[in-house]
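Peer 1: Supplied structure: target24.csv, CSV, N, CA and C atoms.
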```
chain,number,residue,atom,x,y,z
O,33,MET,N,-25.9,-19.5,15.0
O,33,MET,CA,-25.0,-18.7,15.9
O,33,MET,C,-24.5,-17.5,15.1
O,34,PHE,N,-23.2,-17.2,15.3
O,34,PHE,CA,-22.6,-16.1,14.7
O,34,PHE,C,-21.8,-16.5,13.5
O,35,ASN,N,-21.8,-15.7,12.4
O,35,ASN,CA,-20.9,-15.8,11.3
O,35,ASN,C,-20.0,-14.6,11.5
O,36,LEU,N,-18.7,-14.9,11.6
O,36,LEU,CA,-17.7,-13.8,11.7
O,36,LEU,C,-17.4,-13.2,10.4
O,37,VAL,N,-17.1,-11.9,10.4
O,37,VAL,CA,-16.7,-11.2,9.2
O,37,VAL,C,-15.3,-10.9,9.3
O,38,LYS,N,-14.5,-11.3,8.3
O,38,LYS,CA,-13.1,-10.9,8.1
O,38,LYS,C,-13.0,-10.3,6.7
O,39,LYS,N,-12.6,-9.0,6.7
O,39,LYS,CA,-12.4,-8.3,5.4
O,39,LYS,C,-13.7,-8.5,4.5
O,40,HIS,N,-14.8,-8.4,5.1
O,40,HIS,CA,-16.1,-8.5,4.4
O,40,HIS,C,-16.3,-9.8,3.7
O,41,ILE,N,-15.8,-10.9,4.2
O,41,ILE,CA,-16.2,-12.2,3.7
O,41,ILE,C,-16.7,-13.0,4.8
O,42,GLY,N,-17.5,-14.1,4.5
O,42,GLY,CA,-18.1,-14.9,5.5
O,42,GLY,C,-17.1,-15.9,6.2
O,43,LEU,N,-17.5,-16.6,7.2
O,43,LEU,CA,-16.7,-17.5,8.0
O,43,LEU,C,-16.2,-18.6,7.1
O,44,LYS,N,-17.0,-19.2,6.2
O,44,LYS,CA,-16.5,-20.3,5.4
O,44,LYS,C,-15.3,-19.9,4.6
O,45,GLU,N,-15.3,-18.8,4.0
O,45,GLU,CA,-14.1,-18.3,3.2
O,45,GLU,C,-12.9,-18.0,4.0
O,46,ALA,N,-13.2,-17.6,5.3
O,46,ALA,CA,-12.1,-17.1,6.1
O,46,ALA,C,-11.4,-18.2,7.0
O,47,GLU,N,-12.0,-19.4,7.1
O,47,GLU,CA,-11.6,-20.4,8.0
O,47,GLU,C,-10.1,-20.7,7.9
O,48,HIS,N,-9.7,-20.9,6.6
O,48,HIS,CA,-8.2,-21.3,6.4
O,48,HIS,C,-7.3,-20.1,6.8
O,49,THR,N,-7.7,-18.9,6.5
O,49,THR,CA,-6.9,-17.7,6.9
O,49,THR,C,-6.9,-17.6,8.4
O,50,ILE,N,-8.0,-17.8,9.1
O,50,ILE,CA,-8.1,-17.7,10.5
O,50,ILE,C,-7.2,-18.7,11.2
O,51,GLU,N,-7.2,-20.0,10.6
O,51,GLU,CA,-6.3,-21.0,11.2
O,51,GLU,C,-4.8,-20.6,11.1
O,52,SER,N,-4.5,-20.1,9.9
O,52,SER,CA,-3.1,-19.7,9.7
O,52,SER,C,-2.7,-18.5,10.5
O,53,ASP,N,-3.7,-17.5,10.7
O,53,ASP,CA,-3.5,-16.3,11.5
O,53,ASP,C,-3.3,-16.8,13.0
O,54,SER,N,-4.1,-17.7,13.4
O,54,SER,CA,-4.1,-18.2,14.8
O,54,SER,C,-2.8,-18.9,15.1
O,55,SER,N,-2.3,-19.7,14.2
O,55,SER,CA,-1.0,-20.4,14.5
O,55,SER,C,0.1,-19.3,14.5
O,56,ALA,N,0.0,-18.4,13.6
O,56,ALA,CA,1.0,-17.3,13.5
O,56,ALA,C,1.0,-16.5,14.8
O,57,ALA,N,-0.3,-16.3,15.3
O,57,ALA,CA,-0.5,-15.5,16.5
O,57,ALA,C,0.2,-16.1,17.7
O,58,GLN,N,0.1,-17.5,17.8
O,58,GLN,CA,0.7,-18.2,18.9
O,58,GLN,C,2.2,-18.1,18.8
O,59,SER,N,2.8,-18.2,17.6
O,59,SER,CA,4.2,-18.3,17.5
O,59,SER,C,4.9,-17.0,17.5
O,60,SER,N,4.2,-15.9,17.2
O,60,SER,CA,4.9,-14.6,17.0
O,60,SER,C,4.4,-13.5,17.9
O,61,GLN,N,3.6,-13.8,18.9
O,61,GLN,CA,3.0,-12.8,19.7
O,61,GLN,C,4.0,-11.8,20.2
O,62,GLN,N,5.2,-12.2,20.7
O,62,GLN,CA,6.2,-11.3,21.2
O,62,GLN,C,6.9,-10.5,20.1
O,63,ALA,N,6.9,-11.0,18.9
O,63,ALA,CA,7.6,-10.3,17.8
O,63,ALA,C,6.7,-9.2,17.2
O,64,LEU,N,5.4,-9.1,17.4
O,64,LEU,CA,4.6,-8.1,16.8
O,64,LEU,C,4.6,-6.8,17.6
O,65,THR,N,4.5,-5.7,16.9
O,65,THR,CA,4.4,-4.4,17.5
O,65,THR,C,3.0,-4.1,17.9
O,66,VAL,N,2.7,-3.1,18.6
O,66,VAL,CA,1.4,-2.7,19.0
O,66,VAL,C,0.6,-2.4,17.7
O,67,ASP,N,1.2,-1.6,16.8
O,67,ASP,CA,0.6,-1.3,15.5
O,67,ASP,C,0.2,-2.5,14.7
O,68,GLU,N,1.1,-3.5,14.7
O,68,GLU,CA,0.8,-4.7,13.9
O,68,GLU,C,-0.3,-5.5,14.5
O,69,MET,N,-0.3,-5.6,15.9
O,69,MET,CA,-1.4,-6.3,16.5
O,69,MET,C,-2.8,-5.6,16.3
O,70,LEU,N,-2.8,-4.3,16.4
O,70,LEU,CA,-4.0,-3.5,16.1
O,70,LEU,C,-4.5,-3.7,14.7
O,71,ASN,N,-3.6,-3.6,13.7
O,71,ASN,CA,-3.9,-3.8,12.3
O,71,ASN,C,-4.5,-5.2,12.1
O,72,GLU,N,-3.9,-6.2,12.7
O,72,GLU,CA,-4.3,-7.6,12.5
O,72,GLU,C,-5.7,-7.8,13.1
O,73,MET,N,-5.9,-7.3,14.3
O,73,MET,CA,-7.2,-7.4,15.0
O,73,MET,C,-8.3,-6.6,14.3
O,74,ALA,N,-8.0,-5.6,13.6
O,74,ALA,CA,-8.9,-4.8,12.9
O,74,ALA,C,-9.6,-5.5,11.7
O,75,LYS,N,-9.0,-6.6,11.3
O,75,LYS,CA,-9.6,-7.5,10.3
O,75,LYS,C,-10.9,-8.1,10.7
O,76,PHE,N,-11.0,-8.2,12.0
O,76,PHE,CA,-12.1,-8.9,12.6
O,76,PHE,C,-13.1,-8.0,13.4
O,77,GLY,N,-12.7,-6.8,13.6
O,77,GLY,CA,-13.6,-5.9,14.4
O,77,GLY,C,-13.0,-4.6,14.7
O,78,ALA,N,-13.4,-4.0,15.8
O,78,ALA,CA,-12.9,-2.6,16.2
O,78,ALA,C,-12.1,-2.8,17.5
O,79,PRO,N,-10.8,-2.9,17.4
O,79,PRO,CA,-10.0,-3.0,18.6
O,79,PRO,C,-9.9,-1.7,19.3
O,80,SER,N,-9.7,-1.8,20.6
O,80,SER,CA,-9.5,-0.6,21.4
O,80,SER,C,-8.5,-0.8,22.5
O,81,ILE,N,-7.7,0.2,22.8
O,81,ILE,CA,-6.7,0.1,23.8
O,81,ILE,C,-6.8,1.3,24.7
O,82,SER,N,-6.7,1.1,26.1
O,82,SER,CA,-6.9,2.2,27.0
O,82,SER,C,-5.9,2.2,28.1
O,83,CYS,N,-5.4,3.3,28.5
O,83,CYS,CA,-4.5,3.5,29.6
O,83,CYS,C,-5.3,4.1,30.8
O,84,LEU,N,-5.4,3.4,31.9
O,84,LEU,CA,-6.2,3.9,33.0
O,84,LEU,C,-5.5,4.9,33.8
O,85,ASP,N,-6.1,5.5,34.8
O,85,ASP,CA,-5.5,6.5,35.7
O,85,ASP,C,-4.3,6.0,36.4
O,86,ASP,N,-4.3,4.7,36.7
O,86,ASP,CA,-3.2,4.1,37.5
O,86,ASP,C,-2.0,3.7,36.6
O,87,GLY,N,-2.1,4.0,35.3
O,87,GLY,CA,-1.0,3.8,34.4
O,87,GLY,C,-1.0,2.3,33.8
O,88,LEU,N,-2.0,1.6,34.1
O,88,LEU,CA,-2.2,0.2,33.6
O,88,LEU,C,-3.1,0.2,32.4
O,89,TRP,N,-2.9,-0.9,31.6
O,89,TRP,CA,-3.6,-1.0,30.3
O,89,TRP,C,-4.7,-2.0,30.2
O,90,HIS,N,-5.6,-1.8,29.3
O,90,HIS,CA,-6.7,-2.6,29.0
O,90,HIS,C,-7.0,-2.6,27.5
O,91,ALA,N,-7.3,-3.8,26.9
O,91,ALA,CA,-7.6,-3.9,25.5
O,91,ALA,C,-8.9,-4.6,25.3
O,92,SER,N,-9.6,-4.3,24.3
O,92,SER,CA,-10.8,-5.0,23.9
O,92,SER,C,-11.0,-4.9,22.4
O,93,ILE,N,-11.9,-5.7,21.9
O,93,ILE,CA,-12.3,-5.7,20.5
O,93,ILE,C,-13.8,-6.0,20.4
O,94,ALA,N,-14.5,-5.2,19.7
O,94,ALA,CA,-15.9,-5.4,19.3
O,94,ALA,C,-15.9,-6.2,18.0
O,95,MET,N,-16.2,-7.5,18.1
O,95,MET,CA,-16.1,-8.4,16.9
O,95,MET,C,-17.3,-8.2,16.0
O,96,ARG,N,-17.0,-8.1,14.7
O,96,ARG,CA,-18.1,-8.0,13.7
O,96,ARG,C,-18.7,-9.4,13.5
O,97,THR,N,-20.0,-9.4,13.2
O,97,THR,CA,-20.7,-10.7,12.8
O,97,THR,C,-21.5,-10.4,11.5
O,98,MET,N,-22.0,-11.5,10.9
O,98,MET,CA,-22.9,-11.3,9.8
O,98,MET,C,-24.3,-11.1,10.2
O,99,ALA,N,-24.7,-11.3,11.4
O,99,ALA,CA,-26.0,-11.1,11.9
O,99,ALA,C,-26.3,-9.6,12.1
O,100,LEU,N,-27.3,-9.1,11.5
O,100,LEU,CA,-27.6,-7.7,11.5
O,100,LEU,C,-27.8,-7.2,12.9
O,101,GLY,N,-27.1,-6.1,13.3
O,101,GLY,CA,-27.2,-5.5,14.6
O,101,GLY,C,-26.6,-6.3,15.7
O,102,SER,N,-25.7,-7.2,15.4
O,102,SER,CA,-25.1,-8.0,16.5
O,102,SER,C,-23.6,-7.8,16.5
O,103,GLU,N,-23.0,-8.0,17.7
O,103,GLU,CA,-21.6,-8.0,17.9
O,103,GLU,C,-21.3,-8.7,19.2
O,104,PHE,N,-20.1,-9.0,19.4
O,104,PHE,CA,-19.7,-9.5,20.8
O,104,PHE,C,-18.3,-8.9,21.1
O,105,LYS,N,-18.0,-8.8,22.3
O,105,LYS,CA,-16.7,-8.2,22.8
O,105,LYS,C,-15.8,-9.3,23.3
O,106,VAL,N,-14.5,-9.1,23.1
O,106,VAL,CA,-13.4,-9.9,23.7
O,106,VAL,C,-12.6,-8.8,24.4
O,107,ARG,N,-12.2,-9.2,25.7
O,107,ARG,CA,-11.5,-8.2,26.5
O,107,ARG,C,-10.3,-8.9,27.2
O,108,SER,N,-9.3,-8.0,27.5
O,108,SER,CA,-8.2,-8.4,28.4
O,108,SER,C,-8.7,-8.0,29.8
O,109,GLU,N,-7.8,-8.2,30.8
O,109,GLU,CA,-8.1,-7.7,32.1
O,109,GLU,C,-7.7,-6.2,32.1
O,110,PHE,N,-7.9,-5.5,33.3
O,110,PHE,CA,-7.6,-4.1,33.4
O,110,PHE,C,-6.2,-3.8,34.0
O,111,LYS,N,-5.4,-4.7,34.3
O,111,LYS,CA,-4.2,-4.5,35.0
O,111,LYS,C,-2.9,-4.9,34.3
O,112,HIS,N,-2.8,-4.6,33.0
O,112,HIS,CA,-1.6,-4.9,32.3
O,112,HIS,C,-0.6,-3.8,32.3
O,113,LYS,N,0.7,-4.1,32.5
O,113,LYS,CA,1.7,-3.1,32.6
O,113,LYS,C,2.1,-2.4,31.3
O,114,THR,N,1.8,-3.0,30.2
O,114,THR,CA,2.1,-2.4,28.9
O,114,THR,C,0.9,-2.6,27.9
O,115,ALA,N,0.9,-1.7,26.9
O,115,ALA,CA,-0.2,-1.8,25.9
O,115,ALA,C,0.0,-3.1,25.1
O,116,ALA,N,1.2,-3.5,24.8
O,116,ALA,CA,1.5,-4.7,24.1
O,116,ALA,C,1.0,-5.9,24.9
O,117,GLU,N,1.2,-5.9,26.2
O,117,GLU,CA,0.7,-7.1,27.0
O,117,GLU,C,-0.8,-7.2,26.9
O,118,ALA,N,-1.5,-6.1,27.1
O,118,ALA,CA,-3.0,-6.1,27.1
O,118,ALA,C,-3.5,-6.5,25.7
O,119,LEU,N,-2.9,-6.0,24.6
O,119,LEU,CA,-3.3,-6.4,23.3
O,119,LEU,C,-3.0,-7.9,23.0
O,120,GLY,N,-1.8,-8.4,23.5
O,120,GLY,CA,-1.5,-9.8,23.3
O,120,GLY,C,-2.5,-10.7,23.9
O,121,VAL,N,-3.0,-10.4,25.1
O,121,VAL,CA,-4.0,-11.2,25.8
O,121,VAL,C,-5.3,-11.1,25.1
O,122,CYS,N,-5.7,-9.9,24.7
O,122,CYS,CA,-7.0,-9.8,23.9
O,122,CYS,C,-6.9,-10.5,22.6
O,123,ARG,N,-5.8,-10.4,21.9
O,123,ARG,CA,-5.6,-11.0,20.6
O,123,ARG,C,-5.7,-12.5,20.7
O,124,GLU,N,-5.0,-13.1,21.7
O,124,GLU,CA,-5.1,-14.5,22.0
O,124,GLU,C,-6.5,-15.0,22.2
O,125,ARG,N,-7.2,-14.2,23.1
O,125,ARG,CA,-8.6,-14.6,23.4
O,125,ARG,C,-9.5,-14.4,22.1
O,126,MET,N,-9.2,-13.4,21.3
O,126,MET,CA,-10.0,-13.3,20.1
O,126,MET,C,-9.9,-14.5,19.2
O,127,TYR,N,-8.6,-15.0,19.0
O,127,TYR,CA,-8.4,-16.2,18.2
O,127,TYR,C,-9.1,-17.4,18.9
O,128,GLN,N,-9.1,-17.5,20.2
O,128,GLN,CA,-9.8,-18.6,20.9
O,128,GLN,C,-11.3,-18.5,20.6
O,129,ALA,N,-11.9,-17.4,20.6
O,129,ALA,CA,-13.3,-17.2,20.3
O,129,ALA,C,-13.6,-17.6,18.9
O,130,ILE,N,-12.8,-17.2,18.0
O,130,ILE,CA,-13.0,-17.5,16.6
O,130,ILE,C,-13.0,-19.0,16.4
O,131,LYS,N,-12.0,-19.7,17.0
O,131,LYS,CA,-11.9,-21.1,16.9
O,131,LYS,C,-13.1,-21.8,17.5
O,132,THR,N,-13.6,-21.3,18.6
O,132,THR,CA,-14.8,-21.9,19.3
O,132,THR,C,-16.0,-21.7,18.4
O,133,ILE,N,-16.2,-20.6,17.9
O,133,ILE,CA,-17.4,-20.3,17.0
O,133,ILE,C,-17.3,-21.1,15.7
O,134,SER,N,-16.1,-21.1,15.1
O,134,SER,CA,-15.9,-21.9,13.9
O,134,SER,C,-16.2,-23.4,14.1
O,135,SER,N,-15.8,-23.9,15.2
O,135,SER,CA,-16.0,-25.4,15.4
O,135,SER,C,-17.5,-25.6,15.6
O,136,LYS,N,-18.2,-24.7,16.3
O,136,LYS,CA,-19.7,-24.9,16.5
O,136,LYS,C,-20.4,-24.7,15.2
O,137,GLU,N,-20.0,-23.8,14.3
O,137,GLU,CA,-20.6,-23.5,13.1
O,137,GLU,C,-20.5,-24.7,12.1
O,138,SER,N,-19.4,-25.4,12.2
O,138,SER,CA,-19.2,-26.5,11.3
O,138,SER,C,-19.9,-27.8,11.7
O,139,LYS,N,-20.5,-27.8,12.9
O,139,LYS,CA,-21.2,-29.0,13.3
O,139,LYS,C,-22.6,-29.1,12.8
```
Is it possible to express this structure as structure tokens?
Peer 2:
Amino acid sequence: MFNLVKKHIGLKEAEHTIESDSSAAQSSQQALTVDEMLNEMAKFGAPSISCLDDGLWHASIAMRTMALGSEFKVRSEFKHKTAAEALGVCRERMYQAIKTISSKESK
């Protein structure tokens, strides 16, 4: 399957950090600024935030993997009222994807 890249290390070395980041993500989502969320998400890939013509927000991240030429995307919906809301949803989904892949890799 996929091996995720976090700060240029493999999944095995990052599992503990991912677990602590994930628990911190759940407990402090409201406390993080947009910049802090973007910086945190950038550890795992290329985050993107967009404001559409209707003034609503969308966030996504192209997740890095160890497999040459591969990536996968995690996205929020397109109808968030704030950038922070869109990033929070995308960030939560990112951590869910990491946990899912991590549990499948360890089997």
Peer 1: For O:Gly87, which residue out of O:Ser135, O:Ser108, O:Thr114, O:Ser102 is the nearest one, using all atoms listed in the file?
Peer 2: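 Nearest candidate to O:Gly87 out of O:Ser135, O:Ser108, O:Thr114, O:Ser102: O:Thr114.
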Peer 1: Which one of O:Lys136, O:Arg125, O:His112, O:Lys105 sits closest to O:Ile93 if you count only N, CA and C atoms?
Peer 2: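 Of O:Lys136, O:Arg125, O:His112, O:Lys105, the one nearest O:Ile93, counting only N, CA and C atoms, is O:Lys105.
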Peer 1: Can you tell me which residues surround O:Ile81 at a distance of at most 8 Å, considering all atoms listed in the file, apart from same-chain residues fewer than 2 positions away, and format the answer as a list in words?
Peer 2: Ala78, Pro79, Cys83, Leu84, Trp89, His90, Ala91, Ser92, Ile93, Ala115, Ala118 and Leu119 of chain O
Peer 1: Excluding O:Phe104 and its own-chain neighbours fewer than 2 positions away, which residues fall within 6.5 Å of it when counting all atoms listed in the file? Please give them as a ChimeraX atom specification.
Peer 2: /O:93-97,102,106
Peer 1: Using N, CA and C atoms, can you export the residues from the last selection as a PDB file, in the frame of the given file?
Peer 2:
```
ATOM      1  N   ILE O  93     -11.900  -5.700  21.900  1.00  0.00           N
ATOM      2  CA  ILE O  93     -12.300  -5.700  20.500  1.00  0.00           C
ATOM      3  C   ILE O  93     -13.800  -6.000  20.400  1.00  0.00           C
ATOM      4  N   ALA O  94     -14.500  -5.200  19.700  1.00  0.00           N
ATOM      5  CA  ALA O  94     -15.900  -5.400  19.300  1.00  0.00           C
ATOM      6  C   ALA O  94     -15.900  -6.200  18.000  1.00  0.00           C
ATOM      7  N   MET O  95     -16.200  -7.500  18.100  1.00  0.00           N
ATOM      8  CA  MET O  95     -16.100  -8.400  16.900  1.00  0.00           C
ATOM      9  C   MET O  95     -17.300  -8.200  16.000  1.00  0.00           C
ATOM     10  N   ARG O  96     -17.000  -8.100  14.700  1.00  0.00           N
ATOM     11  CA  ARG O  96     -18.100  -8.000  13.700  1.00  0.00           C
ATOM     12  C   ARG O  96     -18.700  -9.400  13.500  1.00  0.00           C
ATOM     13  N   THR O  97     -20.000  -9.400  13.200  1.00  0.00           N
ATOM     14  CA  THR O  97     -20.700 -10.700  12.800  1.00  0.00           C
ATOM     15  C   THR O  97     -21.500 -10.400  11.500  1.00  0.00           C
ATOM     16  N   SER O 102     -25.700  -7.200  15.400  1.00  0.00           N
ATOM     17  CA  SER O 102     -25.100  -8.000  16.500  1.00  0.00           C
ATOM     18  C   SER O 102     -23.600  -7.800  16.500  1.00  0.00           C
ATOM     19  N   VAL O 106     -14.500  -9.100  23.100  1.00  0.00           N
ATOM     20  CA  VAL O 106     -13.400  -9.900  23.700  1.00  0.00           C
ATOM     21  C   VAL O 106     -12.600  -8.800  24.400  1.00  0.00           C
TER      22      VAL O 106
END
```
Peer 1: Between atom CA of O:Ile133 and atom CA of O:Gly101, what is the spacing in Å?
Peer 2: 17.9 Å
Peer 1: Measure the distance from atom N of O:Arg107 to atom N of O:Leu70 in Å and round it to one decimal.
Peer 2: 14.1 Å
Peer 1: Hey, can you check how far atom N of O:Lys131 sits from atom CA of O:Leu88?
Peer 2: 27.7 Å
Peer 1: To box stretch 104-123 of chain O, take all atoms listed in the file, fit an axis-aligned box, add 4 Å on each side, and give centre and edge lengths in Å to one decimal, as lines of an AutoDock Vina configuration file.
Peer 2:
```
center_x = -9.0
center_y = -7.1
center_z = 27.2
size_x = 30.2
size_y = 18.8
size_z = 23.6
```
